[in-house]
$ cat my_file.cif   # mmCIF, C-alpha atoms
data_protein
#
loop_
_atom_site.group_PDB
_atom_site.id
_atom_site.type_symbol
_atom_site.label_atom_id
_atom_site.label_comp_id
_atom_site.auth_asym_id
_atom_site.auth_seq_id
_atom_site.Cartn_x
_atom_site.Cartn_y
_atom_site.Cartn_z
ATOM 1 C CA MET A 1 -34.259 -86.361 -71.993
ATOM 2 C CA PRO A 2 -31.877 -83.486 -72.811
ATOM 3 C CA ALA A 3 -32.598 -80.015 -71.458
ATOM 4 C CA PRO A 4 -34.180 -77.624 -73.956
ATOM 5 C CA LYS A 5 -31.768 -75.348 -75.782
ATOM 6 C CA LYS A 6 -31.525 -71.823 -74.450
ATOM 7 C CA ALA A 7 -32.081 -68.936 -76.774
ATOM 8 C CA ARG A 8 -28.935 -67.318 -78.111
ATOM 9 C CA LYS A 9 -27.934 -64.372 -75.957
ATOM 10 C CA SER A 10 -26.149 -61.274 -77.130
ATOM 11 C CA SER A 11 -23.568 -59.504 -75.021
ATOM 12 C CA VAL A 12 -26.430 -57.337 -73.830
ATOM 13 C CA GLY A 13 -28.143 -60.415 -72.379
ATOM 14 C CA LYS A 14 -24.938 -61.341 -70.590
ATOM 15 C CA GLN A 15 -24.848 -57.873 -68.992
ATOM 16 C CA ALA A 16 -28.388 -58.419 -67.751
ATOM 17 C CA ASP A 17 -27.476 -61.840 -66.327
ATOM 18 C CA ALA A 18 -24.442 -60.383 -64.561
ATOM 19 C CA SER A 19 -26.486 -57.626 -62.956
ATOM 20 C CA ALA A 20 -29.071 -60.152 -61.819
ATOM 21 C CA SER A 21 -26.516 -62.524 -60.236
ATOM 22 C CA GLY A 22 -25.981 -62.409 -56.486
ATOM 23 C CA ASP A 23 -22.593 -60.662 -56.325
ATOM 24 C CA GLU A 24 -21.749 -57.306 -54.716
ATOM 25 C CA SER A 25 -21.947 -55.363 -57.980
ATOM 26 C CA ALA A 26 -25.476 -56.665 -58.400
ATOM 27 C CA LYS A 27 -26.342 -55.225 -54.981
ATOM 28 C CA GLY A 28 -25.441 -51.750 -56.261
ATOM 29 C CA THR A 29 -27.532 -52.337 -59.346
ATOM 30 C CA ALA A 30 -30.462 -53.522 -57.229
ATOM 31 C CA ASP A 31 -30.230 -50.383 -55.070
ATOM 32 C CA ALA A 32 -30.209 -48.165 -58.173
ATOM 33 C CA SER A 33 -33.058 -50.186 -59.648
ATOM 34 C CA ALA A 34 -35.289 -49.449 -56.700
ATOM 35 C CA LYS A 35 -35.075 -45.761 -57.642
ATOM 36 C CA ARG A 36 -36.222 -46.561 -61.187
ATOM 37 C CA ASP A 37 -39.234 -48.659 -60.259
ATOM 38 C CA GLY A 38 -42.357 -47.304 -61.822
ATOM 39 C CA LYS A 39 -40.555 -45.537 -64.670
ATOM 40 C CA ARG A 40 -42.042 -46.705 -67.945
ATOM 41 C CA VAL A 41 -40.063 -46.818 -71.167
ATOM 42 C CA LEU A 42 -41.743 -47.357 -74.524
ATOM 43 C CA LEU A 43 -39.524 -49.093 -77.096
ATOM 44 C CA VAL A 44 -40.669 -48.377 -80.658
ATOM 45 C CA ASP A 45 -38.680 -50.489 -83.109
ATOM 46 C CA ASP A 46 -39.465 -53.172 -85.690
ATOM 47 C CA ASP A 47 -36.185 -55.072 -85.105
ATOM 48 C CA ASN A 48 -37.035 -57.870 -82.675
ATOM 49 C CA GLU A 49 -33.418 -58.574 -81.688
ATOM 50 C CA ILE A 50 -32.764 -54.947 -80.737
ATOM 51 C CA VAL A 51 -36.054 -54.686 -78.850
ATOM 52 C CA GLU A 52 -35.418 -57.870 -76.862
ATOM 53 C CA SER A 53 -31.850 -56.805 -76.017
ATOM 54 C CA MET A 54 -33.042 -53.422 -74.768
ATOM 55 C CA ARG A 55 -35.969 -54.976 -72.906
ATOM 56 C CA THR A 56 -33.765 -57.525 -71.106
ATOM 57 C CA VAL A 57 -31.304 -54.924 -69.872
ATOM 58 C CA LEU A 58 -33.865 -52.260 -68.979
ATOM 59 C CA GLU A 59 -36.132 -54.682 -67.103
ATOM 60 C CA SER A 60 -33.106 -55.947 -65.143
ATOM 61 C CA ARG A 61 -32.549 -52.320 -64.134
ATOM 62 C CA GLY A 62 -36.082 -51.903 -62.794
ATOM 63 C CA TYR A 63 -37.793 -50.157 -65.702
ATOM 64 C CA GLU A 64 -41.267 -51.174 -66.858
ATOM 65 C CA ILE A 65 -41.090 -51.791 -70.614
ATOM 66 C CA LEU A 66 -43.765 -51.267 -73.245
ATOM 67 C CA VAL A 67 -43.131 -52.337 -76.860
ATOM 68 C CA ALA A 68 -44.519 -51.100 -80.165
ATOM 69 C CA ARG A 69 -43.477 -52.685 -83.471
ATOM 70 C CA ASP A 70 -44.326 -49.851 -85.868
ATOM 71 C CA GLY A 71 -44.752 -46.087 -85.842
ATOM 72 C CA ASN A 72 -48.561 -46.056 -85.695
ATOM 73 C CA GLN A 73 -48.634 -48.464 -82.757
ATOM 74 C CA GLY A 74 -45.854 -46.466 -81.061
ATOM 75 C CA LEU A 75 -47.744 -43.203 -81.393
ATOM 76 C CA MET A 76 -50.964 -44.761 -80.122
ATOM 77 C CA MET A 77 -49.200 -46.303 -77.105
ATOM 78 C CA ALA A 78 -47.286 -43.098 -76.331
ATOM 79 C CA GLU A 79 -50.533 -41.120 -76.269
ATOM 80 C CA LYS A 80 -52.536 -43.769 -74.364
ATOM 81 C CA ASP A 81 -49.968 -45.142 -71.897
ATOM 82 C CA GLU A 82 -47.967 -41.927 -71.317
ATOM 83 C CA PRO A 83 -44.549 -43.518 -70.729
ATOM 84 C CA ASP A 84 -41.825 -41.542 -68.981
ATOM 85 C CA LEU A 85 -39.555 -41.973 -72.008
ATOM 86 C CA VAL A 86 -39.747 -43.245 -75.597
ATOM 87 C CA VAL A 87 -36.859 -44.976 -77.397
ATOM 88 C CA LEU A 88 -37.819 -44.443 -81.020
ATOM 89 C CA ASP A 89 -36.309 -45.994 -84.148
ATOM 90 C CA MET A 90 -36.151 -43.618 -87.095
ATOM 91 C CA MET A 91 -37.015 -46.033 -89.896
ATOM 92 C CA MET A 92 -40.096 -48.172 -89.259
ATOM 93 C CA PRO A 93 -43.124 -49.497 -91.090
ATOM 94 C CA LYS A 94 -46.377 -47.525 -91.299
ATOM 95 C CA ARG A 95 -45.016 -44.276 -89.789
ATOM 96 C CA SER A 96 -41.410 -43.133 -89.488
ATOM 97 C CA GLY A 97 -39.842 -42.109 -86.223
ATOM 98 C CA PHE A 98 -39.755 -38.521 -87.508
ATOM 99 C CA LEU A 99 -43.524 -38.498 -88.047
ATOM 100 C CA VAL A 100 -44.086 -39.994 -84.591
ATOM 101 C CA LEU A 101 -41.798 -37.394 -83.018
ATOM 102 C CA GLU A 102 -43.490 -34.537 -84.907
ATOM 103 C CA LYS A 103 -46.919 -35.659 -83.729
ATOM 104 C CA LEU A 104 -45.769 -36.113 -80.120
ATOM 105 C CA ARG A 105 -44.248 -32.636 -80.094
ATOM 106 C CA ARG A 106 -47.419 -31.033 -81.529
ATOM 107 C CA SER A 107 -49.943 -32.902 -79.379
ATOM 108 C CA ARG A 108 -48.480 -32.519 -75.886
ATOM 109 C CA GLN A 109 -48.091 -29.419 -73.738
ATOM 110 C CA VAL A 110 -45.367 -31.090 -71.671
ATOM 111 C CA PRO A 111 -42.890 -32.748 -74.049
ATOM 112 C CA MET A 112 -42.350 -36.465 -73.624
ATOM 113 C CA LYS A 113 -38.685 -37.510 -73.314
ATOM 114 C CA VAL A 114 -37.571 -39.137 -76.584
ATOM 115 C CA ILE A 115 -34.354 -40.879 -77.592
ATOM 116 C CA MET A 116 -34.114 -41.557 -81.321
ATOM 117 C CA ILE A 117 -32.017 -44.507 -82.490
ATOM 118 C CA THR A 118 -31.044 -45.043 -86.101
ATOM 119 C CA ALA A 119 -28.702 -46.854 -88.435
ATOM 120 C CA ASN A 120 -28.709 -43.784 -90.690
ATOM 121 C CA GLU A 121 -25.325 -42.066 -90.936
ATOM 122 C CA GLY A 122 -26.609 -38.773 -92.356
ATOM 123 C CA SER A 123 -26.026 -35.588 -90.375
ATOM 124 C CA ARG A 124 -29.133 -33.980 -91.921
ATOM 125 C CA HIS A 125 -31.315 -36.574 -90.168
ATOM 126 C CA LYS A 126 -29.691 -35.805 -86.829
ATOM 127 C CA ALA A 127 -30.157 -32.059 -87.385
ATOM 128 C CA TYR A 128 -33.843 -32.578 -88.235
ATOM 129 C CA ALA A 129 -34.397 -34.755 -85.156
ATOM 130 C CA GLU A 130 -32.761 -32.081 -83.001
ATOM 131 C CA MET A 131 -34.917 -29.389 -84.620
ATOM 132 C CA LEU A 132 -37.990 -31.459 -83.665
ATOM 133 C CA GLY A 133 -36.758 -31.530 -80.070
ATOM 134 C CA VAL A 134 -35.388 -35.052 -79.640
ATOM 135 C CA ASP A 135 -33.666 -35.404 -76.256
ATOM 136 C CA ASP A 136 -30.901 -37.678 -77.537
ATOM 137 C CA TYR A 137 -29.882 -39.215 -80.866
ATOM 138 C CA ILE A 138 -27.976 -42.506 -80.921
ATOM 139 C CA ARG A 139 -26.591 -44.242 -84.002
ATOM 140 C CA LYS A 140 -26.820 -48.022 -84.399
ATOM 141 C CA PRO A 141 -24.999 -50.137 -83.603
ATOM 142 C CA PHE A 142 -24.650 -48.657 -80.130
ATOM 143 C CA ALA A 143 -23.154 -49.816 -76.866
ATOM 144 C CA MET A 144 -25.907 -50.623 -74.381
ATOM 145 C CA ASP A 145 -24.037 -48.536 -71.797
ATOM 146 C CA ARG A 146 -24.518 -45.489 -74.043
ATOM 147 C CA LEU A 147 -28.278 -46.035 -74.120
ATOM 148 C CA LEU A 148 -28.434 -46.690 -70.369
ATOM 149 C CA GLN A 149 -26.523 -43.480 -69.620
ATOM 150 C CA SER A 150 -28.948 -41.481 -71.716
ATOM 151 C CA ILE A 151 -32.035 -43.089 -70.181
ATOM 152 C CA ASP A 152 -30.747 -42.704 -66.617
ATOM 153 C CA LYS A 153 -29.884 -39.049 -67.271
ATOM 154 C CA LEU A 154 -33.245 -38.221 -68.848
ATOM 155 C CA LEU A 155 -35.253 -39.984 -66.140
ATOM 156 C CA SER A 156 -33.287 -38.823 -63.098
#
$ encode --input "my_file.cif" --output "structure tokens"
Amino acid sequence: MPAPKKARKSSVGKQADASASGDESAKGTADASAKRDGKRVLLVDDDNEIVESMRTVLESRGYEILVARDGNQGLMMAEKDEPDLVVLDMMMPKRSGFLVLEKLRRSRQVPMKVIMITANEGSRHKAYAEMLGVDDYIRKPFAMDRLLQSIDKLLS
């Protein structure tokens, strides 16, 4: 009987596999990962492929990942689970990333770290996100290294 087909992996998945292999570079990643254990990141995005790519890489780096598929669920989970950081898509069903960010900024004395990701090219959207206090703003498509740098910086 033939082996079952593996799911298609993006280049992000290959990065995760490389960091999980047994080579010397993986040892450095494992050491860095130990420092990140216990840090929880909430991914709020309705695009399954993007979520799974981010989840694979972030889990391989020692982060605990929570996932919400729309703005209402993301807001509820952010308030209930109190993650260390939220990666928030701008355009989602039920409640936009802007509305989630506005609510998070109004409802918390200590601001939650938030990275907004978006496919929107408009500079007005970036300016509005910055006015609301977003910690970083990343345009899709983005290099996973760019996201990792931002997350590591915000959670260090």
$ residues_around --input "my_file.cif" --residues "region 145-154 of chain A" --least-positions-apart "2" --cutoff "10 Å" --atoms "all atoms listed in the file" --output "PDB file with C-alpha atoms, in the frame of the given file"
ATOM      1  CA  VAL A  12     -26.430 -57.337 -73.830  1.00  0.00           C
ATOM      2  CA  GLN A  15     -24.848 -57.873 -68.992  1.00  0.00           C
ATOM      3  CA  ARG A  36     -36.222 -46.561 -61.187  1.00  0.00           C
ATOM      4  CA  VAL A  41     -40.063 -46.818 -71.167  1.00  0.00           C
ATOM      5  CA  MET A  54     -33.042 -53.422 -74.768  1.00  0.00           C
ATOM      6  CA  VAL A  57     -31.304 -54.924 -69.872  1.00  0.00           C
ATOM      7  CA  LEU A  58     -33.865 -52.260 -68.979  1.00  0.00           C
ATOM      8  CA  ARG A  61     -32.549 -52.320 -64.134  1.00  0.00           C
ATOM      9  CA  ASP A  84     -41.825 -41.542 -68.981  1.00  0.00           C
ATOM     10  CA  LEU A  85     -39.555 -41.973 -72.008  1.00  0.00           C
ATOM     11  CA  VAL A  86     -39.747 -43.245 -75.597  1.00  0.00           C
ATOM     12  CA  VAL A  87     -36.859 -44.976 -77.397  1.00  0.00           C
ATOM     13  CA  LYS A 113     -38.685 -37.510 -73.314  1.00  0.00           C
ATOM     14  CA  VAL A 114     -37.571 -39.137 -76.584  1.00  0.00           C
ATOM     15  CA  ILE A 115     -34.354 -40.879 -77.592  1.00  0.00           C
ATOM     16  CA  ILE A 117     -32.017 -44.507 -82.490  1.00  0.00           C
ATOM     17  CA  ASP A 135     -33.666 -35.404 -76.256  1.00  0.00           C
ATOM     18  CA  ASP A 136     -30.901 -37.678 -77.537  1.00  0.00           C
ATOM     19  CA  TYR A 137     -29.882 -39.215 -80.866  1.00  0.00           C
ATOM     20  CA  ILE A 138     -27.976 -42.506 -80.921  1.00  0.00           C
ATOM     21  CA  PHE A 142     -24.650 -48.657 -80.130  1.00  0.00           C
ATOM     22  CA  ALA A 143     -23.154 -49.816 -76.866  1.00  0.00           C
ATOM     23  CA  SER A 156     -33.287 -38.823 -63.098  1.00  0.00           C
TER      24      SER A 156
END
$ closest_residue --input "my_file.cif" --among "A:Arg105, A:Arg55, A:Arg95, A:Arg40" --to "Met144 (chain A)" --atoms "only C-alpha atoms"
A:Arg55
$ atom_distance --input "my_file.cif" --atom1 "CA of Thr118 (chain A)" --atom2 "CA of Asp46 (chain A)"
11.7 Å
$ closest_residue --input "my_file.cif" --among "A:Ser96, A:Ser53, A:Ser60, A:Asn120" --to "Arg139 (chain A)" --atoms "only C-alpha atoms"
A:Asn120
$ resolve_selection --input "my_file.cif" --expression "the PyMOL selection byres ((chain A and resi 74) around 12)" --output "ChimeraX atom specification"
/A:41-46,66-73,75-83,85-90,92-101,103-104,114
$ closest_residue --input "my_file.cif" --among "A:Ala129, A:Pro111, A:Lys140, A:Leu155" --to "Ile50 (chain A)" --atoms "all atoms listed in the file"
A:Lys140
$ atom_distance --input "my_file.cif" --atom1 "CA of Ile65 (chain A)" --atom2 "CA of Glu130 (chain A)"
24.7 Å
$ residues_around --input "my_file.cif" --residues "Gly38 (chain A)" --least-positions-apart "4" --cutoff "8 Å" --atoms "only C-alpha atoms" --output "ChimeraX atom specification"
/A:62-64
$ atom_distance --input "my_file.cif" --atom1 "CA of Ser107 (chain A)" --atom2 "CA of Val51 (chain A)"
25.8 Å
$ closest_residue --input "my_file.cif" --among "A:Glu102, A:Ala127, A:Thr56, A:Ala119" --to "Pro141 (chain A)" --atoms "only C-alpha atoms"
A:Ala119
